[in-house]
Amino acid sequence: MTSSEIPGGTAFAAEAALQPRRRRSFTVARVVRGAAPYLLILPVVVTIAAILGYPLYHLARLSFQKYGLFELIARHGTNVGWANYSSVLHDQVFWHVLIRTIVFTVANVALTMGIGTLIALLLTKVSSVVRVLLTAGLVLAWAMPPVVAVQVWLWMTNYENGVLNYALTTLHVGDYYQHDWYATPFSQLSLTTTLIVWGAIPFIVVTVYAGLSQVPPELVEAAEIDGARPWRVFKDLTVPIVKPIFLVLTSLSIIWDFGVFTQPFLLIDQTRINASNELMGIYLFEEGYLKTDFGRGAAISILMLLIVAALSVFYVRKMVRMGDEAG
Amino acid sequence: MRARRRRSRFVWDAIGVLLFAVLSFPVYWMVASAFKPQEELDGLTPTWFPMHPTLSHFSDAIHRPFFWHGVKNSLIVVSVTVALSMVLAFLAAVALAKFRFTGRKAFIILIIGIQMLPQAGLIIPLYVVLARYHQVNALSGVILTYMTFVLPFSVWMLRGFLLGIPKELEEAAMVDGSTRIGSFVRILLPLVAPGLVATSIFAFITTWNEYIFARILLNDQSKQTATVWLSYFTGTSRNTDWGGLMAGSTLIAIPVVVFFLIVQRKIAFGLTAGAVRG
Amino acid sequence: MKARFFFAAALAAALAVAASTASAKPTGSKHALASKITVWLQVDAQSGWPNLVAAANQQFQAKHPGATVDVQYQTWGDHLSKFDATLAGGNTPDVIEMGNTEMTKYMAAGAFANLSSQKGSFPNSKNWLKGLAASGNYNGRTYGVPYYAGSRVVTYRTDLFRKARAKVPTSLGQFTATAKRLKKQNPKRGFSPVYIAGTDWYFAMSFVYDYGGQIAQRKGGKWVGRLESKKARAGLAAYKRFFNAASRASKTGTENRPQPYDVYARGQAASIIGPAWFSCCVGKKYTKATKQFVMPSHAKGKAMPGFLGGSDLAVPAGSNDKSLATDWIRIFTSTASQRGLQAKGNIPNATNLLGNSVNERAAKRSWFVPTAKNWVNVENGNVLRTMLARILTGRASIAEATAWADDNIALTLNQ
C-alpha cells in the first residue's frame, strides 16, 4: 500500500524485504528519498511556525488569564484558570448563538455547494460564448471586496429608495414601499445569506469546473465508444476525480461560514446587533474586542476552533482517508 | 438527434445567460452607480441606467491621496504572496498526496487546524510578534502574514487536486520509472495545472481583498494597500462619497479581472480541456 | 530539472525573506536617535483642515529644530483596534485624537499620561468648554486636552416653513404644532416634517435631560440607572409624543442608516436633527433653501440640552517624547488654530472663543454621557436603542422599558 505511492517503490520494497538482515547502507540516494517529503513540507512548516507559533501559544495562554485594557497596557495578565471558559459556557447567549450559527452554516454551505456545483455542471453544457460570459460574471462577483459588496447590498435593499423595494412594488409582487429589510433577525440573516452565498459561489464553480476539466476527454470518449451511458461515465470517471475536491470545498465552506464576520457585521450594522441576531464571529468580536476582554475572547476563539473541528471532522476524515487509499 | 442536441443546448444557454444576469447584477449596479451624477444617486427613485453618465467620480477617486500607492502596494504584496505560496504549497501538497511519512497526520492537523482558528483572535498576538521582528509598517510583514493564512488552504486544495489525478495518467506519463523528485514534480505539474490555477485565483482574490491585517499592520498611508485606501471613503464621521466609493471599487477590481484573464486559459474556460498530452 | 529549480527558488525566497527580516531597519517609535513624534489624527482633519495641521507642524519644527512630526490619519471605525495593537506592541503614537466618549475607558485603564501639572500651559485652558473638559478628566486628573466640539441643531427647509407660515419655534410645543401643519401641507407618503430615527438615543436623551432627568448616577460608589425617575419618564413620554407627531421614519431605525441628510436631499423631510455639518450634504436642490436653528426646550425661550460631541487630544503613557508631544498639542490648540477650526464650522474648545453661530449657541446647554469606564459597553450593547424601540412600538410601557434599561445599565456599569 505504502510503497505503491512512491514511483518504483514496489521493486524497492521487495528488495528490502528479501534481505531483512542486511544493514541498510546509507547511500545518498536513499537518504534523499527518505527525507524527500520532509524537505517538501519544510518551507511551509517553517513559515507557519515562525509567524503563528507565538500567537497561537499566546492565544491559548490568554484564554486562562484575565486580560482587559488595563492588563493590555501593563502587558501583564493575571491567571484565572478556567474562569473564562466557565463564564462563556454558562452564558445562555453563547448557546443561542451557537445553535443559530450552526443552522446558518448548514443553510449557507448547502446553498453554496448545491448551486455552485450545478452551475459548474452547466458550464460544461453551454456553448463557449455563454461559458465565457457566465464565467466573466462569476469572476466579477468574486472580485468585489466583501466590504464593497455589503455597501451595494445595503444600497439595493435601502428602505427609502432601494432598487429591491422599487422592483418588487413595480412588478406587483406586493406593496414593498419602504419595506424595512432589516427589521427582524430572520430577515437580517436571510439577506446576509444571499450576500455570502453570492460571494462564495464563484469559488465553488471555478474550482469544481477545474476539477471537471481534469477528466481526460479521451477516457470519456473511449468509454462512450464502448457504449457506456452518460450516467455511467459520470459515476465511474467524473465522480472519483471530483470527489476529493468536493470534500475539500465542503470542509472549507463549513469552516469559513461558521466563523464569518465581515458580511453580517457590516450588513446588519453594529447598532442593530443584539443577542437575537448574533452569529459566532460577531459574538467573539463583541465579547472579546468591543468589551476589551481579550482573555474571554481567547477562550471563545478556542471553543470556536473545537466546535468547527467537530462539525467538519466527517469531511476531513474522509479527505485524509482518501489519501491513504491506493489509486 | 442533432436537432435535439441543438435545442437542449439552447435551453442550457438560456439558463446560462439568465444566471449571468442575476449573478452580475450587483456588480453592474456598482459600476453603473460609479457613472451616475450625484443627483441621480440621491434621487428618490432608482434609475436602471445612468441617464447622464459622468467621469467625475473616477477622477475624484484617482486624485484622492495615495491611490497609486495603494495600487502599487497591493500589486507587490499580492503577487509575491501568491507566487511564493503556490510554489511552497504545491511542494507540500505533493508530499502529502504522494508520500507516506511519520508526522503526516500531524502536518494535516496543523494545516486544517489553522484554518479553523478565527482570525480575529490572532490579530493582537500577531502584531506583537511582527513588531518584535520590525515587520510592522512594512510590506514584508504583511506578505508573511498573508502567506501563513494562504498556505494552509492552498496545500489542502492542491492535495485534493493531486489525489484526483487518475493513477493511469500518472503511470502512463512515467515511462522511464524515474524516481527522482525533480522529474516526479515535473510530471505532476501539467496534470494538476487547472487546480493550481484555481488555487492561485483564490489566493489572489483573497489577499487582494484582505483588509483587517493590512489596516492594523500598515501605518504610513504611503505603504497601505488598495483596500485600506478604499476604507477611507467610509471612514470619516461625515457623509460617505458614494459615487467615489463605487468608482474606487470599480478601479480596484480591475487587476483581479486582468489576473483572471491571464491565467484562465489553463482551466480551458473558452476551449476544450487542457489536460491532454500527446 | 525544472522541479529542482522550483524547489531551490522557493528555499532561496524563504531565506531571503528571513534575512530581510533580520536586517530590517527598526520602524518602531523607539526614536533615541532623531526626535520624531507620531501623531494620530482622524481623517476629518485630513479632508477638512489640512492647512491647520501643516501650520502647526511648521511652527513645531521651527521651535524644535531637528524634530520631525509624522501625522498618520485614522478612521473612526478601527482607530481603537489599532491603538490597542500598539499598546500591546509597545509602540504607541505620541499624540492621539480620541472621541470624547472614548476617553473614559482608556483613562481608567491608565493609557494616558497625566497632564494635570501642565494644564495651565495650554491655551485658553481656564475657559475650556465644560462638557469637553469633563471628558478629559478622570479621578480629578487631566488626561485629555479639548480639541473641538460639535453639537446638534435642527437643519430645516426655509421654503417649506414659509409655506406653512411657521417661524423658528421657541418652544417644543410650537415646534410640534408646526410639524402638524407641515404634515397637512405635505401629505406624500413617507414624508417627515421632522425626520427622526426611532432609536436615535442622542436626541431622545436630550428630552430626558430637558425635563431634569439623567441616564445614570453614581451613588455610594456604585452606578445606578436613573431612567425610571419621574422626570426621566416625563422626558421620554414627551419624546414619544413628538416622534409620533413629526417623524415618519422607522420606529426601530437608526440614525446612520439612512443618513438623515440623504432623506432630506430626496425631499422626504422638512427638517432633520443632527450635527451642524449636515448642511454640507443636503443636495444641490435644497442648498439655497436650508438654514439651521437650535432645538427648543419644552420650556419657552430655552434651548433643549444637546449632546456635545467632540474630540480630545491625549498623550499615551508609553510615549518617549512626552514633552515634545505636549508641546505639539499646545501649538495645535492655539487660539489661531481654534479660529481656523471655527471657520470650518466646528465649535472651538473654549467659551471665550465662542461665536454666535447656531452650532455654538446650541452648545451653551449640553449634556454628556455618564463618565463610567464601562459606559462604552452600554452603548455597544445597544441598551438605550432597544429601550426606545420598545417604547415607540408600544411593545412595552415607558415604566417597563425604563426599568429594564436601568437594570441593564447598572449591571454593565458596575462590572
# chains A, B, ... in the order shown; residues from 1 in each chain; ligands from 1
call {"tool": "select_by_dssp", "arguments": {"residues": "stretch 157-248 of chain C", "states": "strand (DSSP E or B)", "output": "PyMOL selection string"}}
result
chain C and resi 157+192+195+216-219+222-225
call {"tool": "write_last_selection", "arguments": {"atoms": "C-alpha atoms", "output": "PDB file, in the first residue's frame"}}
result
ATOM      1  CA  ARG C 157     -36.227  73.841   4.676  1.00  0.00           C
ATOM      2  CA  SER C 192     -41.467  63.552   7.704  1.00  0.00           C
ATOM      3  CA  TYR C 195     -37.076  63.207  10.289  1.00  0.00           C
ATOM      4  CA  ALA C 216     -27.291  57.216  35.460  1.00  0.00           C
ATOM      5  CA  GLN C 217     -25.826  58.446  38.691  1.00  0.00           C
ATOM      6  CA  ARG C 218     -23.057  57.365  40.980  1.00  0.00           C
ATOM      7  CA  LYS C 219     -24.390  56.656  44.461  1.00  0.00           C
ATOM      8  CA  LYS C 222     -21.933  52.212  42.649  1.00  0.00           C
ATOM      9  CA  TRP C 223     -23.700  53.252  39.461  1.00  0.00           C
ATOM     10  CA  VAL C 224     -27.489  53.372  39.462  1.00  0.00           C
ATOM     11  CA  GLY C 225     -29.687  53.764  36.388  1.00  0.00           C
TER      12      GLY C 225
END
call {"tool": "select_by_dssp", "arguments": {"residues": "stretch 74-246 of chain B", "states": "alpha helix (DSSP H)", "output": "VMD selection string"}}
result
chain B and resid 74 to 98 104 to 116 123 to 132 139 to 164 167 to 173 181 to 191 193 to 209 212 to 217 226 to 231 242 to 246
call {"tool": "residues_around", "arguments": {"residues": "stretch 165-181 of chain C", "least_positions_apart": "5", "cutoff": "7 Å", "atoms": "only C-alpha atoms", "output": "ChimeraX atom specification"}}
result
/C:193-194,242,245-246,296-301
call {"tool": "closest_residue", "arguments": {"among": "C:Ser121, C:Ser366, C:Gln185, C:Thr252", "to": "chain A", "atoms": "only C-alpha atoms"}}
result
C:Thr252
call {"tool": "residues_around", "arguments": {"residues": "stretch 277-292 of chain C", "least_positions_apart": "4", "cutoff": "10 Å", "atoms": "only C-alpha atoms", "output": "JSON, numbers by chain"}}
result
{"B": [38, 39, 42, 43, 238, 239, 240], "C": [150, 151, 152, 153, 154, 155, 156, 157, 158, 159, 160, 161, 168, 259, 260, 261, 262, 263, 264, 265, 266, 267, 270, 271, 272, 273, 344, 345, 346, 357, 358, 359]}
call {"tool": "write_last_selection", "arguments": {"atoms": "N, CA and C atoms", "output": "compact mmCIF listing (two decimals), in the first residue's frame"}}
result
# COMPACT_ATOMS: atom_id res chain seq x y z
N GLN B 38 -24.21 62.92 -9.09
CA GLN B 38 -24.65 62.90 -7.69
C GLN B 38 -26.16 62.99 -7.52
N GLU B 39 -26.83 63.82 -8.35
CA GLU B 39 -28.28 63.98 -8.17
C GLU B 39 -29.00 62.66 -8.43
N ASP B 42 -28.71 60.46 -5.47
CA ASP B 42 -29.51 60.85 -4.32
C ASP B 42 -31.00 60.71 -4.57
N GLY B 43 -31.36 60.56 -5.83
CA GLY B 43 -32.78 60.62 -6.18
C GLY B 43 -33.66 59.62 -5.47
N ARG B 238 -18.26 62.17 8.69
CA ARG B 238 -19.16 62.95 7.83
C ARG B 238 -19.74 62.03 6.77
N ASN B 239 -20.27 62.62 5.71
CA ASN B 239 -21.02 61.78 4.76
C ASN B 239 -20.08 60.94 3.89
N THR B 240 -20.64 59.86 3.38
CA THR B 240 -19.88 58.98 2.51
C THR B 240 -20.00 59.45 1.07
N GLY C 150 -18.84 69.60 18.63
CA GLY C 150 -19.94 69.79 17.69
C GLY C 150 -21.22 69.48 18.44
N SER C 151 -22.23 70.27 18.25
CA SER C 151 -23.48 69.97 18.94
C SER C 151 -24.55 69.69 17.90
N ARG C 152 -25.73 69.42 18.38
CA ARG C 152 -26.80 69.07 17.47
C ARG C 152 -27.75 70.24 17.27
N VAL C 153 -28.14 70.42 16.01
CA VAL C 153 -29.05 71.51 15.67
C VAL C 153 -30.12 70.97 14.74
N VAL C 154 -31.12 71.81 14.46
CA VAL C 154 -32.16 71.43 13.51
C VAL C 154 -31.82 72.08 12.17
N THR C 155 -31.70 71.27 11.13
CA THR C 155 -31.48 71.79 9.78
C THR C 155 -32.82 71.74 9.05
N TYR C 156 -33.28 72.88 8.52
CA TYR C 156 -34.64 72.89 8.01
C TYR C 156 -34.78 73.57 6.66
N ARG C 157 -35.91 73.30 6.00
CA ARG C 157 -36.23 73.84 4.68
C ARG C 157 -36.97 75.16 4.86
N THR C 158 -36.30 76.25 4.55
CA THR C 158 -36.93 77.56 4.74
C THR C 158 -38.16 77.71 3.85
N ASP C 159 -38.14 77.11 2.64
CA ASP C 159 -39.29 77.28 1.74
C ASP C 159 -40.53 76.58 2.29
N LEU C 160 -40.34 75.37 2.83
CA LEU C 160 -41.50 74.65 3.35
C LEU C 160 -42.04 75.32 4.62
N PHE C 161 -41.11 75.84 5.44
CA PHE C 161 -41.54 76.52 6.65
C PHE C 161 -42.32 77.79 6.31
N VAL C 168 -39.23 80.35 13.29
CA VAL C 168 -38.35 79.48 14.05
C VAL C 168 -38.99 79.26 15.42
N GLN C 259 -28.86 57.94 6.26
CA GLN C 259 -28.38 59.18 6.82
C GLN C 259 -29.47 60.23 6.67
N PRO C 260 -29.76 60.96 7.75
CA PRO C 260 -30.86 61.94 7.66
C PRO C 260 -30.68 62.92 6.50
N TYR C 261 -29.43 63.33 6.23
CA TYR C 261 -29.29 64.31 5.15
C TYR C 261 -29.62 63.72 3.79
N ASP C 262 -29.49 62.39 3.64
CA ASP C 262 -29.90 61.76 2.38
C ASP C 262 -31.42 61.84 2.23
N VAL C 263 -32.12 61.61 3.35
CA VAL C 263 -33.58 61.69 3.32
C VAL C 263 -33.98 63.12 2.94
N TYR C 264 -33.32 64.08 3.56
CA TYR C 264 -33.56 65.49 3.30
C TYR C 264 -33.31 65.81 1.83
N ALA C 265 -32.21 65.30 1.30
CA ALA C 265 -31.84 65.61 -0.09
C ALA C 265 -32.86 65.05 -1.07
N ARG C 266 -33.55 64.00 -0.66
CA ARG C 266 -34.56 63.42 -1.55
C ARG C 266 -35.90 64.11 -1.42
N GLY C 267 -35.94 65.14 -0.59
CA GLY C 267 -37.19 65.87 -0.44
C GLY C 267 -38.20 65.16 0.45
N ALA C 270 -38.85 67.81 6.01
CA ALA C 270 -38.83 69.27 6.07
C ALA C 270 -37.73 69.73 7.01
N SER C 271 -37.31 68.88 7.91
CA SER C 271 -36.20 69.22 8.80
C SER C 271 -35.59 67.95 9.35
N ILE C 272 -34.32 68.06 9.71
CA ILE C 272 -33.62 66.91 10.28
C ILE C 272 -32.84 67.40 11.50
N ILE C 273 -32.58 66.47 12.41
CA ILE C 273 -31.83 66.80 13.62
C ILE C 273 -30.49 66.11 13.57
N LYS C 344 -14.33 76.54 9.95
CA LYS C 344 -14.78 75.37 9.19
C LYS C 344 -16.09 74.83 9.74
N GLY C 345 -16.69 75.54 10.69
CA GLY C 345 -18.00 75.11 11.18
C GLY C 345 -17.94 74.30 12.45
N ASN C 346 -16.77 74.18 13.07
CA ASN C 346 -16.68 73.45 14.33
C ASN C 346 -16.83 74.38 15.51
N SER C 357 -22.74 81.39 16.00
CA SER C 357 -23.38 80.51 15.01
C SER C 357 -24.38 79.63 15.74
N VAL C 358 -25.30 79.07 14.99
CA VAL C 358 -26.33 78.21 15.57
C VAL C 358 -25.67 77.07 16.34
N ASN C 359 -24.65 76.49 15.73
CA ASN C 359 -23.92 75.38 16.34
C ASN C 359 -23.42 75.76 17.72
call {"tool": "residues_around", "arguments": {"residues": "A:Trp153", "least_positions_apart": "6", "cutoff": "12 Å", "atoms": "only C-alpha atoms", "output": "list in words"}}
result
Met144, Pro146, Val147, Tyr159, Gly162, Val163, Leu164, Trp181, Tyr182, Gln188, Leu191, Thr192, Thr193, Thr194, Leu195, Ile196, Trp198, Gly199, Gln263, Pro264, Leu266, Leu267 and Ile268 of chain A; Phe25, Pro26, Val27, Trp29 and Met30 of chain B
call {"tool": "closest_atom_pairs", "arguments": {"of": "chain C", "to": "chain A", "cutoff": "6 Å", "atoms": "only C-alpha atoms", "output": "Markdown table"}}
result
| residue | atom | partner | partner_atom | distance |
| --- | --- | --- | --- | --- |
| C:Leu87 | CA | A:Ile73 | CA | 5.7 |
| C:Ala88 | CA | A:Leu72 | CA | 5.8 |
| C:Ala109 | CA | A:Phe70 | CA | 4.4 |
call {"tool": "write_last_selection", "arguments": {"atoms": "N, CA and C atoms", "output": "compact mmCIF listing (two decimals), in the first residue's frame"}}
result
# COMPACT_ATOMS: atom_id res chain seq x y z
N LEU C 87 -0.64 49.44 21.82
CA LEU C 87 -0.46 49.32 23.26
C LEU C 87 0.16 47.97 23.58
N ALA C 88 -0.31 46.94 22.91
CA ALA C 88 0.23 45.61 23.16
C ALA C 88 1.66 45.50 22.67
N ALA C 109 -7.98 52.87 32.40
CA ALA C 109 -7.01 51.77 32.27
C ALA C 109 -5.58 52.26 32.30
call {"tool": "residues_around", "arguments": {"residues": "stretch 68-83 of chain B", "least_positions_apart": "5", "cutoff": "7 Å", "atoms": "only C-alpha atoms", "output": "VMD selection string"}}
result
chain B and resid 139 143 146 to 147 200 203 to 204 207 to 208 222 to 226 229
call {"tool": "closest_residue", "arguments": {"among": "B:Tyr127, B:Phe260, B:Phe58, B:Phe20", "to": "C:Asp84", "atoms": "only C-alpha atoms"}}
result
B:Tyr127
call {"tool": "decode", "arguments": {"residues": "stretch 175-276 of chain A", "atoms": "C-alpha atoms", "output": "CSV table (one decimal), in the first residue's frame"}}
result
chain,number,residue,atom,x,y,z
A,175,ASP,CA,-46.5,46.5,-1.6
A,176,TYR,CA,-42.9,46.8,-0.7
A,177,TYR,CA,-42.9,50.6,-0.4
A,178,GLN,CA,-40.3,51.5,2.3
A,179,HIS,CA,-40.2,47.9,3.5
A,180,ASP,CA,-37.5,47.6,6.1
A,181,TRP,CA,-35.5,44.5,5.3
A,182,TYR,CA,-33.5,44.8,8.5
A,183,ALA,CA,-36.4,44.8,10.9
A,184,THR,CA,-36.4,41.1,12.1
A,185,PRO,CA,-33.5,38.8,12.8
A,186,PHE,CA,-34.7,36.3,10.2
A,187,SER,CA,-34.8,38.9,7.5
A,188,GLN,CA,-31.4,40.2,8.5
A,189,LEU,CA,-29.8,36.8,8.4
A,190,SER,CA,-31.5,35.8,5.2
A,191,LEU,CA,-30.2,38.8,3.5
A,192,THR,CA,-26.7,38.0,4.9
A,193,THR,CA,-27.1,34.5,3.5
A,194,THR,CA,-27.8,35.8,0.0
A,195,LEU,CA,-24.8,38.1,0.2
A,196,ILE,CA,-22.5,35.3,1.4
A,197,VAL,CA,-23.7,32.7,-1.0
A,198,TRP,CA,-23.5,35.1,-3.9
A,199,GLY,CA,-19.9,35.8,-2.9
A,200,ALA,CA,-19.0,32.2,-2.4
A,201,ILE,CA,-20.5,30.6,-5.5
A,202,PRO,CA,-17.8,31.7,-7.9
A,203,PHE,CA,-15.1,30.0,-6.0
A,204,ILE,CA,-17.0,26.7,-5.9
A,205,VAL,CA,-17.9,27.0,-9.6
A,206,VAL,CA,-14.3,27.7,-10.7
A,207,THR,CA,-12.8,25.0,-8.5
A,208,VAL,CA,-15.3,22.3,-9.4
A,209,TYR,CA,-15.0,23.2,-13.1
A,210,ALA,CA,-11.2,23.0,-12.8
A,211,GLY,CA,-11.7,19.5,-11.3
A,212,LEU,CA,-14.1,18.6,-14.1
A,213,SER,CA,-11.6,19.7,-16.7
A,214,GLN,CA,-9.1,17.2,-15.2
A,215,VAL,CA,-11.3,14.5,-16.5
A,216,PRO,CA,-9.4,13.4,-19.6
A,217,PRO,CA,-11.7,13.6,-22.7
A,218,GLU,CA,-10.0,10.6,-24.3
A,219,LEU,CA,-11.1,8.4,-21.5
A,220,VAL,CA,-14.6,9.8,-21.7
A,221,GLU,CA,-14.6,9.3,-25.5
A,222,ALA,CA,-13.3,5.8,-25.1
A,223,ALA,CA,-16.0,4.9,-22.6
A,224,GLU,CA,-18.7,6.4,-24.8
A,225,ILE,CA,-17.4,4.4,-27.8
A,226,ASP,CA,-17.5,1.3,-25.6
A,227,GLY,CA,-21.2,2.0,-25.2
A,228,ALA,CA,-21.3,3.4,-21.7
A,229,ARG,CA,-24.3,5.7,-20.9
A,230,PRO,CA,-23.7,9.2,-19.7
A,231,TRP,CA,-24.7,8.4,-16.1
A,232,ARG,CA,-22.2,5.6,-16.0
A,233,VAL,CA,-19.5,7.8,-17.4
A,234,PHE,CA,-20.3,10.4,-14.7
A,235,LYS,CA,-20.3,7.9,-11.9
A,236,ASP,CA,-17.2,6.0,-12.8
A,237,LEU,CA,-15.0,8.6,-14.3
A,238,THR,CA,-16.1,12.1,-13.2
A,239,VAL,CA,-17.1,11.5,-9.6
A,240,PRO,CA,-13.9,9.9,-8.4
A,241,ILE,CA,-11.9,12.8,-9.8
A,242,VAL,CA,-14.1,15.5,-8.4
A,243,LYS,CA,-14.9,13.8,-5.1
A,244,PRO,CA,-11.8,14.9,-3.2
A,245,ILE,CA,-12.2,18.4,-4.4
A,246,PHE,CA,-15.8,18.4,-3.4
A,247,LEU,CA,-14.9,17.2,0.1
A,248,VAL,CA,-12.2,19.9,0.3
A,249,LEU,CA,-14.7,22.6,-0.7
A,250,THR,CA,-17.3,21.5,1.7
A,251,SER,CA,-14.9,21.3,4.6
A,252,LEU,CA,-13.5,24.7,3.8
A,253,SER,CA,-17.0,26.2,3.4
A,254,ILE,CA,-18.1,24.9,6.8
A,255,ILE,CA,-15.0,26.4,8.4
A,256,TRP,CA,-15.4,29.8,6.7
A,257,ASP,CA,-19.2,30.1,7.1
A,258,PHE,CA,-19.2,29.2,10.7
A,259,GLY,CA,-16.8,32.0,11.6
A,260,VAL,CA,-18.0,34.6,9.1
A,261,PHE,CA,-17.8,38.1,10.5
A,262,THR,CA,-17.4,40.9,8.0
A,263,GLN,CA,-20.7,40.5,6.0
A,264,PRO,CA,-23.2,40.1,8.8
A,265,PHE,CA,-21.5,42.7,10.9
A,266,LEU,CA,-21.5,45.4,8.3
A,267,LEU,CA,-24.8,44.4,6.8
A,268,ILE,CA,-26.8,44.3,10.0
A,269,ASP,CA,-24.7,47.1,11.5
A,270,GLN,CA,-23.4,47.4,15.0
A,271,THR,CA,-26.3,49.5,16.1
A,272,ARG,CA,-28.8,46.7,15.4
A,273,ILE,CA,-26.8,43.7,16.6
A,274,ASN,CA,-28.0,42.2,19.8
A,275,ALA,CA,-28.4,38.7,21.4
A,276,SER,CA,-31.2,37.7,18.9
